[in-house]
Structures are given as C-alpha cells and as structure tokens.
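Inspection log for the structure reproduced underneath, given as structure tokens.
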Amino acid sequence: MNRLIIFDTTLRDGEQSPGASMTREEKIRVARQLEKMRVDVIEAGFAAASPGDFEAISAVAKAIRESTVCSLARANEQDIERAGEAILPAEKKRIHTFIATSPIHMEKKLCMTPDQVLAQAVKAIGWARRHTDDVEFSAEDAGRSDLDFLCRIFEAVIKAGATTLNVPDTVGYTLPQPFAETLRRLIERVPNADKVIWSVHCHNDLGLAVANSLAAVLAGARQVECTINGLGERAGNASLEEVVMAVKTRADIFPVKTHVDATQIVPASKLVSQITGYPVQPNKAIVGANAFAHEAGIHQDGVLKHRETYEIMRAEDVGWSHNKLVLGKHSGRNAFKSRLAELGIELPSEEALNAAFSRFKALADKKHEIFDEDLQALISDEALTPAAEHYRLDYSRVFSETGETPRAQVILSVGGEEQKAEAEGSGPVDAAFKAIEHIARSAAQLLLYSVNAITTGTDAQGEVTVRLSRDGRIVNGQGADTDIVIASVKAYLNALNKLHSSEDKLDPQKGSV
Ligand code: KIV
Ligand code: ZN
C-alpha cells in the first residue's frame, strides 16, 4: 500500500479548460507521452460528450498498452455503455462514474433526494461492472458534502463493486487540514475501506489543489488525480509534476512512491502547452522556465560551491536539458524518423512522414540548427491529418514600411478552391488576419493572440497561438515558422479549420444524471 497511483486527467478535465480541446491525434500524442512517463491511469475523455470524444478515447485505448485507459461517465446507463464501448480496445480499462453528493448539487442541479442519488450510484456501478472490474466512483462536490451521507454512499458503492473511491473537491473550496480529516474519517468509518483505493481530485480555485491532495495522501489516499501543468476546469486541477516531485523530494514525509519517470515531466509539459496553447508561467514550479534559474548573486555563488545550497531537485531529473542540436540540413529521412520516434511521435502513414520530412527540409534551409522543440512544432495537427484542412495557405505577401499602412495579400485554398484577398491593418499580422477574414467570413471572435520564440536566437521559429470563439465554442490554433507573420497566418487557419470541423460537446458537470 505504499504505492501512490497517478491518475492523469489532462485529456478530460484538462481539456475542459476553455479553448484547450484537443483533436484525436493530439490526444494520442499526449497519451503516448503519459505512458512513456509511466502514469498509472489515463483518463482519456468523457465518451458520451460527443462522437469525437468517443473516437478519441477509443483511439487512445488502441494506442496505449501499459497504462490503464479510463473514460468518464455520468451515473446513467447510456453514458456508461458509451464509456464501456470506447475503452473496449484497451489492454487495461477503467470506467469512472460520478454523481453529485453535496446538498446544493443534489437539490438544485440534479433535483434528486439523497436516497435517489445513492440508489442511482449503486445502479451505475452495476452497469459499469458489465464492462470491467476496474470501476471508479466519484462523489462529485464531496468537498461540500455531508460526511454521514458520504459514508453511506461509499459503503453502498463498495458493496456494488466499485474498486476506487474518489473524493473530489470539485469547486476548490476545501483546505488541507479539514480535507485530510475528511479522508481520515472516511477511511475509518466506511466498512471495507481497506478493500478499495481512496482517491482525491482537487481543483485549484484557492490555489490549494496540490496542498489538499498531498494532505489527503498523508491521511491515507493512494490515488491522486491531476493534470500536466495543472490544466483543468476554471483554475485547474492539482498539477501532476508538483504532486510527483513533492512526494519524491520529501520521501522523508510521504510514506509512498509513484511509478512516474520524472525525466519525462518537462517534455510532457512542453507538449501539452504546445498543443493546448496554454503557456506555462515562467515561475511555475518544476516546469516553468525559471524553476531552476538562479538570479541572485548569493544564490549563484552558493550553487556553484555546492548545488544543494539552493537546489532541492536537479533540473535534469525532471527532464530539463540544454537545447540540444539534434538535426541539421544534411540529416536524412531515417535520422528524422528515429528522432521523432524518440520524441514519442509516430506519424500515421508513409505519406504523412514524407510530408513532415519535406517541411523539415524546408525549415532546415532557413534555420541551420534544428532542436527537439522545432521538431515538435513541425508535427502540427495539419501534418498529421491533411484531410482536415478546409483552409490552406497557398501564398502570402506583406508590406510593412515606416510611415505607411501595412498591407497583406493572401491566397488560400478553401475546400480545394483558390481564393485571393488583400487588406490593410495596424500591423502586418493584423492585415493578414483581415485578408483571411475577407475570404473566410468566419464571424469568429479573436480571444487570444500570442507569439513565443521556440528556441533562442533570432533565427528561432516563432510559435503562435490564436484562440477563436464562435457560438460559444472556443478553439486554439497553432502555427510555427521562422517568419512570424507566416506562423500567425498558419495559427489563424489552424483555428479556423478546427472551428470548421468541431462539434458540440456535452460538459459532464452541466448535464443531469
Ligand atoms: O471535479 C470533479 O468533481 C470532476 C469529477 C467528474 C471527478 O471532475
Ligand atoms: Zn474535476
């Protein structure tokens, strides 16, 4: 029992961050990285949310062999059937079903009495057990639920066959000491508590998700639900990297060990940030750019004399490495392919590999040194699924001169048909976006535009994120290029393509049972 199970929900709760929705290929890439990191359980999505979610979970279930693949399901038969079908191809499968247990959620959201909620939870476990023996039950909003009722419902679901009991602080309301007390009392009072794994799932509304999760571990929880970079609904979930490294670094306090290969943490963080367009703040613990940078002279001096004067972890142990030159203009297709494989990137076909290799050659002509980060940016969604490209850039030209209004011309292929436009703007990017809009007439609202240099040097690729919203749907587009206007145009078109192909999704926390 000294094993701490790491349950990653980046692909489900993480994806509930506005604009962080991922395509199937992106989910597979993240899942592969999580598997490489030796995460125990990957919650790949909420199968009933949409056909796209179902397909993505099913694809992850096919691709992953080592980690358990899990789908979320509300406590109703249809959701659970969808979840069961979606995880069918997995080697190790779990269904995670939930129902709200707090007075406010039961009365105002579910319009059910506590007895009805309990009966529904018991039925849900029975439906889930038809698909797998590995069934997790969550008492949604447990952080604000009555302890006696939690004891009753947990006792009932254990009898019905649940194997993991999750205690979510859905609204990020609890504090470490009372939350630890809740866990301790549940484990003491619920009959057969020792036959199941107790789990926690904390949200970060008060900035306490990691602290609450760790307090619960000290009180007996043996599974923590978390996400890469702390992504997730509202202020996010407990961050995987912080939980894993706290337990590892303070092995003197925590009586548990995880199976996580911590050297895969930084690559996972970069991948998730690149795919979702959620940047990592520089001072973020473990994965922020400054997490291991010593600025003060006294600190630098101390670290040079003896590293442990100011460092409690080693940067290389969590996967930080200096930008390594990996490939160049003369690298061949095989070197390219094997480096992608080392990065956990598997292209779906020879055609996709050839397309990516030509893009690599084009990049290597402009930029002499190609780093891992460049390769990751190169393997964008469009390279993996060319068919999904409704809008494609064929040509662009910008005019930007001191004292003159910037102008841009673009030629796009729209559903295979060539269309041209020209526009003026306050800068070259603005002009290019306006020219695209003359063609696309998307009526989308631009919520975010950000540029980030992928590596150092003025020949670095600029990585651009564009977040668009239309009819309540939010998508992120990414583009990378050594020319930041082109990178911006690619990101804008990538977002338009996602809007073009995205579908309505159910939000698990908004629906009824
Ligand atoms: O925050 C929450 O309560 C959840 C549950 C579905 C576990 O995400
Ligand atoms: Zn949650």
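By convention here, the chains of the structure tokens are called A, B, ... in the order presented, each chain's residues are numbered starting at 1, and ligands are numbered starting at 1 in the order presented.
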Discussion item. List as a list in words the protein and nucleic acid residues near Ile153 of chain A, meaning an atom at most 10 Å away when only C-alpha atoms are counted, but skip any in the same chain fewer than 6 places from it.
Written reply: Thr101, Pro114, Asp115, Val117, Leu118, Ala119, Ala121, Val122, Phe137, Ala139, Leu147, Lys159 and Val190 of chain A
Output file for the residues above (N, CA, C and O atoms, as a PDB file, in the first residue's frame):
```
ATOM      1  N   THR A 101     -22.999  14.718  -4.708  1.00  0.00           N
ATOM      2  CA  THR A 101     -23.461  14.305  -3.374  1.00  0.00           C
ATOM      3  C   THR A 101     -23.648  15.484  -2.422  1.00  0.00           C
ATOM      4  O   THR A 101     -24.046  15.284  -1.282  1.00  0.00           O
ATOM      5  N   PRO A 114     -31.259  12.588  -1.500  1.00  0.00           N
ATOM      6  CA  PRO A 114     -30.058  11.790  -1.234  1.00  0.00           C
ATOM      7  C   PRO A 114     -30.297  10.295  -1.472  1.00  0.00           C
ATOM      8  O   PRO A 114     -29.435   9.602  -2.036  1.00  0.00           O
ATOM      9  N   ASP A 115     -31.470   9.786  -1.098  1.00  0.00           N
ATOM     10  CA  ASP A 115     -31.728   8.343  -1.294  1.00  0.00           C
ATOM     11  C   ASP A 115     -31.760   7.991  -2.779  1.00  0.00           C
ATOM     12  O   ASP A 115     -31.281   6.929  -3.197  1.00  0.00           O
ATOM     13  N   VAL A 117     -30.110   9.588  -5.119  1.00  0.00           N
ATOM     14  CA  VAL A 117     -28.726   9.671  -5.590  1.00  0.00           C
ATOM     15  C   VAL A 117     -27.990   8.380  -5.242  1.00  0.00           C
ATOM     16  O   VAL A 117     -27.283   7.787  -6.077  1.00  0.00           O
ATOM     17  N   LEU A 118     -28.181   7.910  -4.008  1.00  0.00           N
ATOM     18  CA  LEU A 118     -27.496   6.684  -3.587  1.00  0.00           C
ATOM     19  C   LEU A 118     -27.924   5.491  -4.447  1.00  0.00           C
ATOM     20  O   LEU A 118     -27.095   4.713  -4.935  1.00  0.00           O
ATOM     21  N   ALA A 119     -29.214   5.406  -4.699  1.00  0.00           N
ATOM     22  CA  ALA A 119     -29.712   4.272  -5.495  1.00  0.00           C
ATOM     23  C   ALA A 119     -29.144   4.335  -6.922  1.00  0.00           C
ATOM     24  O   ALA A 119     -28.760   3.310  -7.511  1.00  0.00           O
ATOM     25  N   ALA A 121     -26.329   5.704  -7.839  1.00  0.00           N
ATOM     26  CA  ALA A 121     -24.888   5.393  -7.798  1.00  0.00           C
ATOM     27  C   ALA A 121     -24.689   3.873  -7.785  1.00  0.00           C
ATOM     28  O   ALA A 121     -23.835   3.337  -8.507  1.00  0.00           O
ATOM     29  N   VAL A 122     -25.498   3.189  -7.012  1.00  0.00           N
ATOM     30  CA  VAL A 122     -25.376   1.731  -6.915  1.00  0.00           C
ATOM     31  C   VAL A 122     -25.687   1.088  -8.271  1.00  0.00           C
ATOM     32  O   VAL A 122     -24.966   0.199  -8.743  1.00  0.00           O
ATOM     33  N   PHE A 137     -15.682   5.237  -8.559  1.00  0.00           N
ATOM     34  CA  PHE A 137     -16.867   6.053  -8.272  1.00  0.00           C
ATOM     35  C   PHE A 137     -16.425   7.381  -7.661  1.00  0.00           C
ATOM     36  O   PHE A 137     -15.610   7.407  -6.740  1.00  0.00           O
ATOM     37  N   ALA A 139     -17.808  10.945  -5.825  1.00  0.00           N
ATOM     38  CA  ALA A 139     -18.906  11.687  -5.195  1.00  0.00           C
ATOM     39  C   ALA A 139     -18.653  13.157  -5.522  1.00  0.00           C
ATOM     40  O   ALA A 139     -17.916  13.842  -4.795  1.00  0.00           O
ATOM     41  N   LEU A 147     -20.620  14.451   5.674  1.00  0.00           N
ATOM     42  CA  LEU A 147     -19.767  13.271   5.884  1.00  0.00           C
ATOM     43  C   LEU A 147     -20.588  11.988   6.076  1.00  0.00           C
ATOM     44  O   LEU A 147     -20.239  10.933   5.541  1.00  0.00           O
ATOM     45  N   LYS A 159     -20.053  -2.117  -1.856  1.00  0.00           N
ATOM     46  CA  LYS A 159     -20.831  -3.374  -1.921  1.00  0.00           C
ATOM     47  C   LYS A 159     -21.204  -3.693  -3.358  1.00  0.00           C
ATOM     48  O   LYS A 159     -21.216  -4.852  -3.772  1.00  0.00           O
ATOM     49  N   VAL A 190     -15.949   3.931   6.889  1.00  0.00           N
ATOM     50  CA  VAL A 190     -16.645   3.162   5.840  1.00  0.00           C
ATOM     51  C   VAL A 190     -16.238   1.691   5.928  1.00  0.00           C
ATOM     52  O   VAL A 190     -15.047   1.369   5.869  1.00  0.00           O
TER      53      VAL A 190
END
```
Fill in: DSSP alpha helix (DSSP H) residues within segment 126-246 of chain A, as a ChimeraX atom specification
/A:126-129,147-160,176-189,209-218,240-246
Discussion item. What does the list of residues within 9 Å of ligand 2 look like if you count only C-alpha atoms and all ligand atoms, written as number ranges by chain?
Written reply: A: 9, 12-14, 16, 140, 168-171, 201-203, 225, 232-233, 236-237, 509
Using only C-alpha atoms, please write the residues we just selected to a file, as a short mmCIF file (atom, residue, chain, number, x, y, z; two decimals), in the first residue's frame.
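Full text of part-v5.cif as output:
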```
data_model
loop_
_atom_site.label_atom_id
_atom_site.label_comp_id
_atom_site.auth_asym_id
_atom_site.auth_seq_id
_atom_site.Cartn_x
_atom_site.Cartn_y
_atom_site.Cartn_z
CA THR A 9 -6.90 13.66 -16.36
CA ARG A 12 -10.53 15.01 -19.79
CA ASP A 13 -10.62 17.63 -17.00
CA GLY A 14 -7.62 19.38 -18.61
CA GLN A 16 -12.33 21.33 -20.05
CA GLU A 140 -18.92 14.96 -7.07
CA PRO A 168 -13.36 15.33 -5.39
CA ASP A 169 -13.10 18.88 -4.22
CA THR A 170 -14.96 19.92 -7.35
CA VAL A 171 -15.13 23.63 -6.59
CA HIS A 201 -9.35 15.06 -7.19
CA CYS A 202 -8.74 18.66 -6.19
CA HIS A 203 -9.42 21.87 -8.04
CA GLU A 225 -5.99 12.78 -9.88
CA GLY A 232 -8.33 21.93 -15.95
CA GLU A 233 -11.76 23.40 -15.37
CA GLY A 236 -7.35 23.96 -12.99
CA ASN A 237 -6.56 20.72 -11.20
CA GLN A 509 -20.61 18.77 -14.96
#
```
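Remark: for Tyr310 of chain A, the closest of the candidate residues A:Pro191, A:Gly297, A:Gly332, A:Pro18 is A:Gly297 (distances computed over only C-alpha atoms).
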Considering only C-alpha atoms, return as a tab-separated table (two decimals) with N, CA and C atoms, in the first residue's frame whatever protein or nucleic-acid residues lie within 12 Å of Asp430 of chain A, sequence-local ones (same chain, fewer than 6 positions apart) excluded.
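So result.tsv came out as:
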```
chain	number	residue	atom	x	y	z
A	398	VAL	N	3.38	40.40	-47.40
A	398	VAL	CA	3.03	41.55	-46.56
A	398	VAL	C	3.93	42.73	-46.89
A	399	PHE	N	3.37	43.93	-46.75
A	399	PHE	CA	4.14	45.16	-46.98
A	399	PHE	C	4.14	45.92	-45.66
A	400	SER	N	5.33	46.21	-45.18
A	400	SER	CA	5.41	46.92	-43.92
A	400	SER	C	6.56	47.91	-44.05
A	405	THR	N	0.83	52.43	-44.17
A	405	THR	CA	-0.09	51.47	-43.55
A	405	THR	C	0.26	50.06	-44.02
A	406	PRO	N	0.48	49.14	-43.11
A	406	PRO	CA	0.81	47.77	-43.53
A	406	PRO	C	-0.33	47.14	-44.34
A	407	ARG	N	0.07	46.32	-45.31
A	407	ARG	CA	-0.92	45.65	-46.16
A	407	ARG	C	-0.54	44.19	-46.31
A	408	ALA	N	-1.52	43.36	-46.57
A	408	ALA	CA	-1.22	41.94	-46.79
A	408	ALA	C	-2.08	41.39	-47.91
A	409	GLN	N	-1.48	40.49	-48.67
A	409	GLN	CA	-2.25	39.75	-49.70
A	409	GLN	C	-2.18	38.28	-49.31
A	422	GLU	N	-6.99	40.91	-50.16
A	422	GLU	CA	-5.97	41.87	-49.75
A	422	GLU	C	-6.60	42.76	-48.67
A	423	ALA	N	-5.81	43.17	-47.68
A	423	ALA	CA	-6.37	44.05	-46.65
A	423	ALA	C	-5.27	44.89	-46.03
A	424	GLU	N	-5.71	45.99	-45.39
A	424	GLU	CA	-4.78	46.81	-44.62
A	424	GLU	C	-5.00	46.52	-43.15
A	436	ILE	N	-7.52	37.29	-44.52
A	436	ILE	CA	-8.10	35.93	-44.39
A	436	ILE	C	-9.60	36.04	-44.12
A	437	GLU	N	-9.96	36.98	-43.25
A	437	GLU	CA	-11.38	37.12	-42.91
A	437	GLU	C	-12.22	37.58	-44.11
A	446	LEU	N	-11.67	36.95	-31.98
A	446	LEU	CA	-10.30	36.60	-31.58
A	446	LEU	C	-10.16	36.84	-30.08
A	449	TYR	N	-4.07	36.17	-28.95
A	449	TYR	CA	-3.02	36.06	-29.96
A	449	TYR	C	-1.70	36.11	-29.20
A	485	VAL	N	4.97	36.30	-39.32
A	485	VAL	CA	3.69	36.60	-39.99
A	485	VAL	C	3.12	35.28	-40.54
A	488	SER	N	1.79	33.24	-37.81
A	488	SER	CA	0.50	33.77	-37.36
A	488	SER	C	-0.62	33.34	-38.31
A	489	VAL	N	-0.34	33.41	-39.61
A	489	VAL	CA	-1.35	33.01	-40.59
A	489	VAL	C	-1.67	31.52	-40.42
A	492	TYR	N	-3.84	31.06	-37.40
A	492	TYR	CA	-5.21	31.52	-37.63
A	492	TYR	C	-5.98	30.49	-38.46
```
Fill in: Residues of segment 109-172 of chain A in strand (DSSP E), written as a PyMOL selection string
chain A and resi 135-140+164-169
Discussion item. Applying 9 Å and only C-alpha atoms, which residues near Ile64 of chain A remain after dropping the ones on its own chain fewer than 5 positions away? List them as JSON, numbers by chain.
Written reply: {"A": [28, 31, 32, 35, 59, 69, 90, 91, 92]}
Could you turn the residues from that selection into a file that holds C-alpha atoms, as a PDB file, in the first residue's frame?
```pdb
ATOM      1  CA  ILE A  28      -2.885  10.200 -28.857  1.00  0.00           C
ATOM      2  CA  ALA A  31      -1.391   9.791 -24.128  1.00  0.00           C
ATOM      3  CA  ARG A  32       1.802   8.270 -25.556  1.00  0.00           C
ATOM      4  CA  GLU A  35       2.510   6.271 -20.981  1.00  0.00           C
ATOM      5  CA  ALA A  59      -8.027   5.614 -30.400  1.00  0.00           C
ATOM      6  CA  VAL A  69      -7.245   3.810 -20.070  1.00  0.00           C
ATOM      7  CA  ALA A  90      -7.684  -1.118 -24.135  1.00  0.00           C
ATOM      8  CA  GLU A  91      -5.368  -3.648 -22.539  1.00  0.00           C
ATOM      9  CA  LYS A  92      -6.311  -2.316 -19.086  1.00  0.00           C
TER      10      LYS A  92
END
```
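Nearest residue to ligand 1, choosing from A:Asp148, A:Arg29, A:Val167, A:Ile80 and counting only C-alpha atoms and all ligand atoms: A:Val167.
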Worksheet entry | For His259 of chain A, the nearest of the candidates A:Met112, A:Met245, A:Ala61, A:Gln419, counting only C-alpha atoms | A:Met245
Discussion item. Env of Arg130 of chain A: 10 Å cut, atoms = only C-alpha atoms, seq-sep filter 4 positions within chain, self excluded. Answer as an NGL selection string.
Written reply: :A and (80-81 or 84 or 125-126)
Got time to write the residues from that selection, C-alpha atoms, as a compact mmCIF listing (two decimals), in the first residue's frame?
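Once everything was written out, this is out_1.txt:
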```txt
# COMPACT_ATOMS: atom_id res chain seq x y z
CA ILE A 80 -21.76 4.04 -19.09
CA GLU A 81 -22.49 1.99 -22.22
CA GLY A 84 -17.60 0.78 -21.96
CA ILE A 125 -21.63 0.59 -10.53
CA GLY A 126 -23.61 -2.45 -11.67
```
As a PDB file with C-alpha atoms, in the first residue's frame, please: the residues near Tyr391 of chain A (cut-off 10 Å, only C-alpha atoms, same-chain neighbours under 2 positions excluded).
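Wrote it out as part_6.pdb, contents follow:
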```pdb
ATOM      1  CA  ALA A 388      -8.987  18.019 -42.130  1.00  0.00           C
ATOM      2  CA  GLU A 389      -7.610  21.167 -43.773  1.00  0.00           C
ATOM      3  CA  LEU A 393      -2.363  28.875 -47.151  1.00  0.00           C
ATOM      4  CA  ASP A 394      -1.027  28.878 -50.706  1.00  0.00           C
ATOM      5  CA  LEU A 412      -5.953  30.447 -49.748  1.00  0.00           C
ATOM      6  CA  SER A 413      -7.242  27.131 -50.884  1.00  0.00           C
ATOM      7  CA  VAL A 414     -10.752  26.869 -49.434  1.00  0.00           C
ATOM      8  CA  GLY A 415     -12.188  23.386 -49.766  1.00  0.00           C
ATOM      9  CA  GLY A 416      -9.838  22.930 -52.736  1.00  0.00           C
ATOM     10  CA  GLU A 417     -10.808  26.206 -54.449  1.00  0.00           C
ATOM     11  CA  GLU A 418      -8.341  29.084 -54.766  1.00  0.00           C
ATOM     12  CA  ILE A 436      -8.098  35.930 -44.389  1.00  0.00           C
ATOM     13  CA  ILE A 439     -12.282  35.183 -47.585  1.00  0.00           C
ATOM     14  CA  ALA A 440     -13.438  33.080 -44.629  1.00  0.00           C
ATOM     15  CA  LYS A 490      -0.850  29.262 -40.056  1.00  0.00           C
ATOM     16  CA  TYR A 492      -5.211  31.524 -37.634  1.00  0.00           C
ATOM     17  CA  LEU A 493      -6.004  28.989 -40.352  1.00  0.00           C
ATOM     18  CA  ASN A 494      -5.435  26.100 -37.947  1.00  0.00           C
ATOM     19  CA  ALA A 495      -8.018  27.641 -35.591  1.00  0.00           C
ATOM     20  CA  LEU A 496     -10.462  28.219 -38.473  1.00  0.00           C
ATOM     21  CA  ASN A 497     -10.028  24.581 -39.540  1.00  0.00           C
ATOM     22  CA  HIS A 500     -14.909  24.248 -39.257  1.00  0.00           C
TER      23      HIS A 500
END
```
Discussion item. Please report the interatomic distance between atom CA of Leu206 of chain A and atom CA of Lys108 of chain A in Å with one decimal.
Written reply: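 Going from atom CA of Leu206 of chain A over to atom CA of Lys108 of chain A covers 23.7 Å.
In this structure, atom CA of Arg314 of chain A sits 27.4 Å away from atom CA of Pro176 of chain A.
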Worksheet item: Expressed in Å to a single decimal, how great is the separation between atom CA of Asp134 of chain A and atom CA of Asn166 of chain A?
Response: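 Straight-line distance from atom CA of Asp134 of chain A to atom CA of Asn166 of chain A works out to 13.1 Å.
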Practice prompt. Kindly indicate which residue among A:Ser273, A:Asn290, A:Thr455, A:Gln281 lies nearest to Ala20 of chain A, using only C-alpha atoms for the distances.
Written response: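 Residue with the minimum atom-to-atom distance to Ala20 of chain A: A:Ser273.
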Discussion item. Can you pull out the residues contacting Thr249 of chain A? Cut-off 12 Å, using only C-alpha atoms, and skip same-chain residues under 3 positions away; I want them as a ChimeraX atom specification.
Written reply: /A:241-246,252-258,262,286,311-314,317-318
Write out, as a tab-separated table (two decimals), in the first residue's frame, the residues just selected, with N, CA, C and O atoms.
```
chain	number	residue	atom	x	y	z
A	241	GLU	N	3.09	17.36	-12.01
A	241	GLU	CA	4.53	17.50	-11.76
A	241	GLU	C	4.80	17.90	-10.31
A	241	GLU	O	5.77	17.45	-9.70
A	242	GLU	N	3.91	18.73	-9.74
A	242	GLU	CA	4.14	19.18	-8.37
A	242	GLU	C	3.86	18.05	-7.38
A	242	GLU	O	4.61	17.85	-6.43
A	243	VAL	N	2.79	17.29	-7.63
A	243	VAL	CA	2.46	16.18	-6.73
A	243	VAL	C	3.60	15.15	-6.76
A	243	VAL	O	4.13	14.73	-5.72
A	244	VAL	N	3.99	14.76	-7.99
A	244	VAL	CA	5.02	13.71	-8.12
A	244	VAL	C	6.34	14.14	-7.48
A	244	VAL	O	6.95	13.39	-6.72
A	245	MET	N	6.73	15.38	-7.73
A	245	MET	CA	8.04	15.81	-7.21
A	245	MET	C	7.99	16.09	-5.71
A	245	MET	O	8.99	15.92	-5.02
A	246	ALA	N	6.83	16.49	-5.18
A	246	ALA	CA	6.74	16.70	-3.73
A	246	ALA	C	6.92	15.36	-3.01
A	246	ALA	O	7.67	15.24	-2.05
A	252	ASP	N	11.03	11.71	3.02
A	252	ASP	CA	11.12	11.60	4.48
A	252	ASP	C	9.76	11.79	5.15
A	252	ASP	O	9.55	11.38	6.28
A	253	ILE	N	8.82	12.42	4.43
A	253	ILE	CA	7.49	12.71	5.00
A	253	ILE	C	6.43	11.78	4.41
A	253	ILE	O	5.54	11.34	5.11
A	254	PHE	N	6.53	11.54	3.10
A	254	PHE	CA	5.46	10.77	2.44
A	254	PHE	C	5.79	9.27	2.43
A	254	PHE	O	6.84	8.88	1.90
A	255	PRO	N	4.88	8.46	2.96
A	255	PRO	CA	5.17	7.03	3.02
A	255	PRO	C	4.83	6.32	1.72
A	255	PRO	O	4.42	5.17	1.72
A	256	VAL	N	4.94	7.02	0.59
A	256	VAL	CA	4.50	6.45	-0.69
A	256	VAL	C	5.51	6.74	-1.80
A	256	VAL	O	6.33	7.64	-1.69
A	257	LYS	N	5.36	5.93	-2.88
A	257	LYS	CA	6.21	6.15	-4.06
A	257	LYS	C	5.31	6.10	-5.29
A	257	LYS	O	4.34	5.34	-5.30
A	258	THR	N	5.68	6.86	-6.31
A	258	THR	CA	4.93	6.74	-7.58
A	258	THR	C	5.81	5.95	-8.56
A	258	THR	O	6.99	5.78	-8.31
A	262	ALA	N	10.24	10.70	-13.76
A	262	ALA	CA	10.20	12.16	-13.67
A	262	ALA	C	10.96	12.85	-14.81
A	262	ALA	O	10.66	14.01	-15.13
A	286	ILE	N	8.62	23.46	-10.98
A	286	ILE	CA	9.11	22.31	-11.76
A	286	ILE	C	9.25	22.58	-13.26
A	286	ILE	O	10.29	22.33	-13.84
A	311	GLU	N	19.35	24.31	-4.23
A	311	GLU	CA	18.52	23.47	-5.10
A	311	GLU	C	18.08	22.21	-4.39
A	311	GLU	O	18.92	21.45	-3.90
A	312	ILE	N	16.75	22.00	-4.37
A	312	ILE	CA	16.25	20.80	-3.70
A	312	ILE	C	16.00	19.67	-4.69
A	312	ILE	O	15.76	18.54	-4.30
A	313	MET	N	16.03	20.01	-5.98
A	313	MET	CA	15.87	18.99	-7.03
A	313	MET	C	16.87	19.33	-8.12
A	313	MET	O	17.27	20.48	-8.23
A	314	ARG	N	17.19	18.32	-8.94
A	314	ARG	CA	18.08	18.62	-10.06
A	314	ARG	C	17.25	18.81	-11.32
A	314	ARG	O	16.36	17.99	-11.61
A	317	ASP	N	16.74	15.90	-13.50
A	317	ASP	CA	15.89	14.81	-13.00
A	317	ASP	C	14.43	14.99	-13.41
A	317	ASP	O	13.65	14.03	-13.34
A	318	VAL	N	14.03	16.21	-13.77
A	318	VAL	CA	12.65	16.40	-14.22
A	318	VAL	C	12.60	16.63	-15.73
A	318	VAL	O	11.56	16.99	-16.28
```
